[in-house]
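What's in target20.csv: CSV, C-alpha atoms
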```csv
chain,number,residue,atom,x,y,z
A,771,MET,CA,59.0,16.4,34.1
A,772,ILE,CA,60.5,19.9,33.4
A,773,THR,CA,59.7,21.1,29.9
A,774,PHE,CA,62.2,22.8,27.7
A,775,SER,CA,60.4,26.2,27.9
A,776,TYR,CA,60.3,26.0,31.7
A,777,ARG,CA,63.9,25.2,31.9
A,778,ALA,CA,64.7,28.1,29.5
A,779,ARG,CA,62.7,30.5,31.6
A,780,LEU,CA,64.4,29.2,34.8
A,781,MET,CA,67.8,29.7,33.2
A,782,GLN,CA,66.9,33.2,32.0
A,783,ARG,CA,65.8,34.2,35.5
A,784,THR,CA,68.9,32.7,37.0
A,785,ALA,CA,71.1,34.6,34.6
A,786,THR,CA,69.2,37.8,35.3
A,787,SER,CA,69.7,37.4,39.0
A,788,VAL,CA,73.4,36.7,38.6
A,789,LEU,CA,73.7,39.8,36.4
A,790,TRP,CA,72.0,42.0,39.0
A,791,GLU,CA,74.0,40.5,41.8
A,792,GLY,CA,77.2,41.2,39.8
A,793,ARG,CA,76.1,44.8,39.2
A,794,TYR,CA,75.2,45.4,42.8
A,795,THR,CA,78.5,43.9,44.0
A,796,PHE,CA,80.5,46.0,41.5
A,797,PHE,CA,78.6,49.2,42.6
A,798,LEU,CA,79.2,48.4,46.2
A,799,LEU,CA,82.9,47.9,45.6
A,800,VAL,CA,83.2,51.1,43.7
A,801,LEU,CA,81.4,53.0,46.5
A,802,LEU,CA,83.7,51.5,49.2
A,803,LEU,CA,86.8,52.4,47.2
A,804,SER,CA,85.6,55.9,46.6
A,805,LEU,CA,84.9,56.4,50.3
A,806,SER,CA,88.3,55.1,51.3
A,807,ALA,CA,89.9,57.4,48.9
A,808,LEU,CA,88.3,60.5,50.4
A,809,PRO,CA,90.9,62.7,52.2
A,810,VAL,CA,90.7,63.0,56.0
A,811,LEU,CA,89.2,66.3,56.8
A,812,ALA,CA,91.4,68.6,58.9
A,813,LYS,CA,90.0,70.5,61.8
A,814,THR,CA,91.2,73.6,63.5
A,815,ASP,CA,90.2,74.9,66.9
A,816,VAL,CA,91.3,78.0,68.8
A,817,ASP,CA,91.4,78.5,72.6
A,818,PHE,CA,92.3,81.7,74.4
A,819,ASP,CA,92.1,83.6,77.7
A,820,PRO,CA,89.0,85.8,77.3
A,821,ASN,CA,90.0,88.1,80.1
A,822,LEU,CA,93.1,89.5,78.5
A,823,ASP,CA,93.7,92.8,76.8
A,824,PHE,CA,95.2,91.6,73.5
A,825,SER,CA,96.0,95.1,72.3
A,826,LYS,CA,99.0,95.2,74.7
A,827,TYR,CA,100.8,92.6,72.7
A,828,LYS,CA,103.0,94.4,70.2
A,829,THR,CA,106.0,92.2,69.7
A,830,PHE,CA,106.8,88.4,69.7
A,831,ALA,CA,109.7,86.0,69.6
A,832,PHE,CA,109.6,82.5,68.0
A,833,LEU,CA,111.0,79.8,70.3
A,834,GLY,CA,110.5,76.8,68.0
A,835,GLY,CA,109.2,73.4,68.8
A,836,VAL,CA,109.2,71.5,72.1
A,837,LYS,CA,112.1,69.0,72.1
A,838,ASN,CA,111.2,65.3,72.1
A,839,LEU,CA,107.5,66.1,71.6
A,840,THR,CA,107.4,66.8,67.9
A,841,MET,CA,106.1,63.3,67.2
A,842,LEU,CA,105.6,63.7,63.4
A,843,PRO,CA,107.2,61.7,60.6
A,844,VAL,CA,108.6,64.8,59.1
A,845,ASP,CA,111.9,66.7,59.1
A,846,PRO,CA,111.8,68.8,62.3
A,847,GLU,CA,113.9,71.5,60.8
A,848,VAL,CA,111.6,71.8,57.8
A,849,LEU,CA,108.5,71.9,60.0
A,850,ASP,CA,110.1,74.5,62.3
A,851,ASN,CA,110.8,76.8,59.4
A,852,GLN,CA,107.2,76.4,58.0
A,853,VAL,CA,105.5,77.0,61.4
A,854,HIS,CA,107.8,80.0,62.0
A,855,ARG,CA,107.1,81.5,58.5
A,856,ALA,CA,103.3,81.0,58.8
A,857,VAL,CA,102.9,82.4,62.3
A,858,THR,CA,105.2,85.3,61.6
A,859,ARG,CA,103.2,86.2,58.5
A,860,GLU,CA,99.9,86.1,60.3
A,861,LEU,CA,101.0,88.1,63.4
A,862,ALA,CA,102.7,90.7,61.1
A,863,GLN,CA,99.4,91.2,59.4
A,864,LYS,CA,97.9,91.9,62.8
A,865,GLY,CA,100.5,94.6,63.4
A,866,LEU,CA,102.8,92.6,65.7
A,867,ARG,CA,106.6,92.8,65.1
A,868,GLU,CA,109.0,89.9,65.5
A,869,VAL,CA,112.0,90.4,67.8
A,870,GLN,CA,114.6,88.1,69.4
A,871,ALA,CA,113.9,86.2,72.5
A,872,GLY,CA,116.4,88.4,74.5
A,873,GLN,CA,114.6,91.6,73.5
A,874,ASN,CA,111.8,91.4,76.0
A,875,PRO,CA,109.0,90.3,73.6
A,876,ASP,CA,105.4,90.7,74.7
A,877,LEU,CA,104.7,87.2,73.4
A,878,VAL,CA,106.7,84.1,72.8
A,879,ILE,CA,105.6,81.5,70.3
A,880,ARG,CA,106.1,77.8,70.8
A,881,TYR,CA,104.7,74.8,68.9
A,882,TRP,CA,104.4,71.1,69.7
A,883,ALA,CA,102.7,68.0,68.5
A,884,ASN,CA,100.2,65.7,70.1
A,885,ALA,CA,100.8,62.2,68.6
A,886,SER,CA,98.0,60.1,67.2
A,887,GLN,CA,98.6,57.5,69.9
A,888,GLN,CA,98.0,58.2,73.6
A,889,VAL,CA,100.9,60.1,75.1
A,890,ASN,CA,101.4,61.4,78.6
A,891,VAL,CA,102.7,64.8,77.6
A,892,THR,CA,103.5,65.8,81.2
A,893,ASN,CA,106.3,63.2,81.3
A,894,MET,CA,107.8,64.1,77.9
A,895,GLY,CA,109.5,67.0,76.2
A,896,ASP,CA,111.7,69.9,77.4
A,897,TRP,CA,109.1,72.4,78.4
A,898,GLY,CA,111.7,75.0,79.6
A,899,PRO,CA,110.2,77.9,81.7
A,900,TYR,CA,106.6,77.3,80.3
A,901,SER,CA,104.3,74.5,81.2
A,902,SER,CA,102.2,72.3,78.8
A,903,TYR,CA,99.0,74.1,79.7
A,904,ILE,CA,96.7,71.1,79.5
A,905,GLY,CA,94.9,71.6,82.8
A,906,SER,CA,92.5,74.0,84.5
A,907,ASP,CA,90.7,76.3,82.0
A,908,TRP,CA,92.7,74.9,79.1
A,909,ALA,CA,91.8,71.2,79.8
A,910,PRO,CA,88.4,70.9,78.1
A,911,MET,CA,89.4,71.8,74.6
A,912,TYR,CA,92.8,70.0,74.9
A,913,ASP,CA,91.0,66.8,76.1
A,914,ALA,CA,88.4,67.1,73.3
A,915,VAL,CA,91.0,67.6,70.6
A,916,SER,CA,93.2,64.8,71.9
A,917,ALA,CA,90.3,62.3,72.1
A,918,GLY,CA,89.1,63.2,68.6
A,919,SER,CA,92.5,62.9,66.8
A,920,ARG,CA,93.5,59.3,67.4
A,921,LYS,CA,94.2,58.7,63.7
A,922,GLU,CA,95.8,62.0,62.9
A,923,ASN,CA,98.2,64.4,64.7
A,924,SER,CA,97.4,67.6,66.5
A,925,LEU,CA,99.9,70.5,65.9
A,926,LEU,CA,99.5,73.0,68.7
A,927,VAL,CA,100.8,76.6,68.4
A,928,ASP,CA,101.0,78.5,71.7
A,929,LEU,CA,101.2,82.2,72.2
A,930,ILE,CA,102.5,82.8,75.8
A,931,ASP,CA,103.0,85.9,77.9
A,932,PRO,CA,106.7,85.6,79.1
A,933,ARG,CA,106.1,88.0,81.9
A,934,THR,CA,103.3,86.1,83.6
A,935,LYS,CA,104.2,82.7,82.0
A,936,ASN,CA,100.5,82.3,81.2
A,937,LEU,CA,99.1,80.9,77.9
A,938,VAL,CA,97.4,83.6,75.9
A,939,TRP,CA,96.1,82.0,72.8
A,940,ARG,CA,96.4,78.5,71.3
A,941,LEU,CA,95.8,77.0,67.9
A,942,TYR,CA,95.0,73.3,67.4
A,943,LEU,CA,95.5,71.9,63.9
A,944,THR,CA,94.3,68.3,63.6
A,945,ARG,CA,95.3,66.5,60.4
A,946,LYS,CA,97.5,63.8,59.0
A,947,PHE,CA,101.2,64.9,58.7
A,948,SER,CA,103.1,62.3,56.7
A,949,SER,CA,105.2,64.8,54.8
A,950,ALA,CA,106.0,68.5,55.5
A,951,ASP,CA,106.1,69.3,51.8
A,952,LYS,CA,103.0,67.2,50.8
A,953,ASP,CA,100.7,68.2,53.6
A,954,TRP,CA,101.8,71.7,54.4
A,955,LYS,CA,100.0,73.6,51.7
A,956,LYS,CA,96.6,72.8,53.2
A,957,ALA,CA,97.9,73.2,56.7
A,958,ASP,CA,99.2,76.7,55.9
A,959,GLU,CA,95.7,77.7,54.6
A,960,GLU,CA,94.2,76.3,57.8
A,961,ILE,CA,96.6,78.4,60.0
A,962,THR,CA,95.6,81.5,58.1
A,963,LYS,CA,91.9,80.7,58.7
A,964,ALA,CA,92.5,80.1,62.4
A,965,PHE,CA,94.4,83.4,62.8
A,966,GLU,CA,91.3,85.3,61.6
A,967,SER,CA,90.2,84.9,65.2
A,968,TYR,CA,93.3,86.7,66.6
A,969,PRO,CA,92.7,88.8,68.5
A,970,PRO,CA,89.3,87.4,69.5
A,971,SER,CA,86.3,89.7,69.0
A,972,ASP,CA,84.1,90.8,71.9
A,973,LYS,CA,81.5,88.2,70.8
A,974,GLU,CA,84.1,85.4,70.8
A,975,ARG,CA,85.4,86.5,74.2
A,976,GLU,CA,81.9,86.5,75.8
A,977,ALA,CA,81.3,83.0,74.3
A,978,LYS,CA,84.6,81.8,75.7
A,979,ARG,CA,83.7,83.1,79.2
A,980,ARG,CA,80.4,81.2,79.1
A,981,GLU,CA,82.2,78.1,77.8
A,982,ARG,CA,84.8,78.2,80.6
A,983,ALA,CA,82.1,78.9,83.2
A,984,ALA,CA,80.2,75.8,82.1
A,985,HIS,CA,83.4,73.7,82.5
A,986,ALA,CA,84.6,75.2,85.7
A,987,LEU,CA,85.6,72.9,88.5
A,988,LYS,CA,82.9,72.5,91.1
```
As a first step, turn the structure in this file into structure tokens.
Amino acid sequence: MITFSYRARLMQRTATSVLWEGRYTFFLLVLLLSLSALPVLAKTDVDFDPNLDFSKYKTFAFLGGVKNLTMLPVDPEVLDNQVHRAVTRELAQKGLREVQAGQNPDLVIRYWANASQQVNVTNMGDWGPYSSYIGSDWAPMYDAVSAGSRKENSLLVDLIDPRTKNLVWRLYLTRKFSSADKDWKKADEEITKAFESYPPSDKEREAKRRERAAHALK
């Protein structure tokens, strides 16, 4: 027969267990909600041709975005203006001058977006006289960024030599773009940070040569 005191102690232990289980569940719920509320960290990467003389580039022209490939849920015109303004600001600080496309620029600037879902970019978009530059020496970083950005978007900014039609320098900005106004402030800061590597230093050029040699086709 269970005595009154035993039953009281049993009920006390049961109540204590329920209390601790409740506290643990509450703590776990708060932790999960906090983690889900954390912002997705953006990532920037820069790729470039390490064998070029970047000092020869003095002028540039902005071409805008690749048609049919800006797969972002934002106003294309707003995004176009923001990318144009940011790139012009950064290149001007490097001593380059903007000209019109018909004025024989040393560089042309183009941007495009890699959607969060798998996209065969070679079959989409109006590339004009310049290719997508996703093969050969440019493939390793493009493939790595594309594979790592399935839940975000990758905004690519290309600096192209119009004389050789070769890609000179490329910026990858991986982040969520749901609103040009809402998300652009941070994106603008990330573009500024990325352009600190333009033109690349001798150390960066040597590291890029080693990187490309390691990924060279056998």
- [ ] Using only C-alpha atoms, determine which residues lie at most 10 Å from Arg979 of chain A, disregarding the query and same-chain residues fewer than 5 positions distant; provide the list as an NGL selection string.
- [x] :A and (818-821 or 974 or 984-985)
Task: Å distance separating atom CA of Tyr968 of chain A from atom CA of Ala986 of chain A, one decimal place - done: 23.9 Å
TODO: Could you check which of A:Pro846, A:Phe832, A:Thr944, A:Ile961 is closest to Ala917 of chain A, using all atoms listed in the file?
DONE: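 Selected residue with least distance to Ala917 of chain A: A:Thr944.
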Task: Nearest residue to Pro932 of chain A from the set A:Thr858, A:Ser901, A:Asn851, A:Asn884 (distances using only C-alpha atoms) - done: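 Counting only C-alpha atoms, the residue closest to Pro932 of chain A is A:Ser901.
With all atoms listed in the file as the atoms that count, the minimum distance from Leu877 of chain A to the choices A:Thr962, A:Ser924, A:Thr829, A:Asn936 is reached by A:Thr829.
Residue nearest Lys826 of chain A, chosen from A:Leu866, A:Ala977, A:Val915, A:Ala856 and counting only C-alpha atoms: A:Leu866.
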Here's a test: counting only C-alpha atoms, identify every protein, DNA and RNA residue with an atom at most 12 Å from (96.6, 85.5, 74.7) in the file's coordinate frame, and state them as a PDB file with C-alpha atoms, in the coordinates of the input.
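Written output follows (selection-v3.pdb):
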```
ATOM      1  CA  VAL A 816      91.300  78.000  68.800  1.00  0.00           C
ATOM      2  CA  ASP A 817      91.400  78.500  72.600  1.00  0.00           C
ATOM      3  CA  PHE A 818      92.300  81.700  74.400  1.00  0.00           C
ATOM      4  CA  ASP A 819      92.100  83.600  77.700  1.00  0.00           C
ATOM      5  CA  PRO A 820      89.000  85.800  77.300  1.00  0.00           C
ATOM      6  CA  ASN A 821      90.000  88.100  80.100  1.00  0.00           C
ATOM      7  CA  LEU A 822      93.100  89.500  78.500  1.00  0.00           C
ATOM      8  CA  ASP A 823      93.700  92.800  76.800  1.00  0.00           C
ATOM      9  CA  PHE A 824      95.200  91.600  73.500  1.00  0.00           C
ATOM     10  CA  SER A 825      96.000  95.100  72.300  1.00  0.00           C
ATOM     11  CA  LYS A 826      99.000  95.200  74.700  1.00  0.00           C
ATOM     12  CA  TYR A 827     100.800  92.600  72.700  1.00  0.00           C
ATOM     13  CA  LYS A 828     103.000  94.400  70.200  1.00  0.00           C
ATOM     14  CA  PHE A 830     106.800  88.400  69.700  1.00  0.00           C
ATOM     15  CA  ASP A 876     105.400  90.700  74.700  1.00  0.00           C
ATOM     16  CA  LEU A 877     104.700  87.200  73.400  1.00  0.00           C
ATOM     17  CA  VAL A 878     106.700  84.100  72.800  1.00  0.00           C
ATOM     18  CA  ILE A 879     105.600  81.500  70.300  1.00  0.00           C
ATOM     19  CA  VAL A 927     100.800  76.600  68.400  1.00  0.00           C
ATOM     20  CA  ASP A 928     101.000  78.500  71.700  1.00  0.00           C
ATOM     21  CA  LEU A 929     101.200  82.200  72.200  1.00  0.00           C
ATOM     22  CA  ILE A 930     102.500  82.800  75.800  1.00  0.00           C
ATOM     23  CA  ASP A 931     103.000  85.900  77.900  1.00  0.00           C
ATOM     24  CA  PRO A 932     106.700  85.600  79.100  1.00  0.00           C
ATOM     25  CA  THR A 934     103.300  86.100  83.600  1.00  0.00           C
ATOM     26  CA  LYS A 935     104.200  82.700  82.000  1.00  0.00           C
ATOM     27  CA  ASN A 936     100.500  82.300  81.200  1.00  0.00           C
ATOM     28  CA  LEU A 937      99.100  80.900  77.900  1.00  0.00           C
ATOM     29  CA  VAL A 938      97.400  83.600  75.900  1.00  0.00           C
ATOM     30  CA  TRP A 939      96.100  82.000  72.800  1.00  0.00           C
ATOM     31  CA  ARG A 940      96.400  78.500  71.300  1.00  0.00           C
ATOM     32  CA  LEU A 941      95.800  77.000  67.900  1.00  0.00           C
ATOM     33  CA  SER A 967      90.200  84.900  65.200  1.00  0.00           C
ATOM     34  CA  TYR A 968      93.300  86.700  66.600  1.00  0.00           C
ATOM     35  CA  PRO A 969      92.700  88.800  68.500  1.00  0.00           C
ATOM     36  CA  PRO A 970      89.300  87.400  69.500  1.00  0.00           C
ATOM     37  CA  ARG A 975      85.400  86.500  74.200  1.00  0.00           C
TER      38      ARG A 975
END
```
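Proximity to Lys963 of chain A was assessed for A:Arg982, A:Leu943, A:Val853, A:Tyr881 counting all atoms listed in the file; the smallest distance is recorded for A:Leu943.
The closest residue to Asp850 of chain A, picked from A:Ser906, A:Pro899, A:Asp972, A:Val836 and counting all atoms listed in the file, is A:Val836.
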- [ ] Rounded to one decimal place, report the atom CA of Pro875 of chain A-atom CA of Thr814 of chain A distance in Å.
- [x] 26.4 Å
Open item on the list: Please report the interatomic distance between atom CA of Asp845 of chain A and atom CA of Asp953 of chain A in Å with one decimal.
Closed with: 12.6 Å
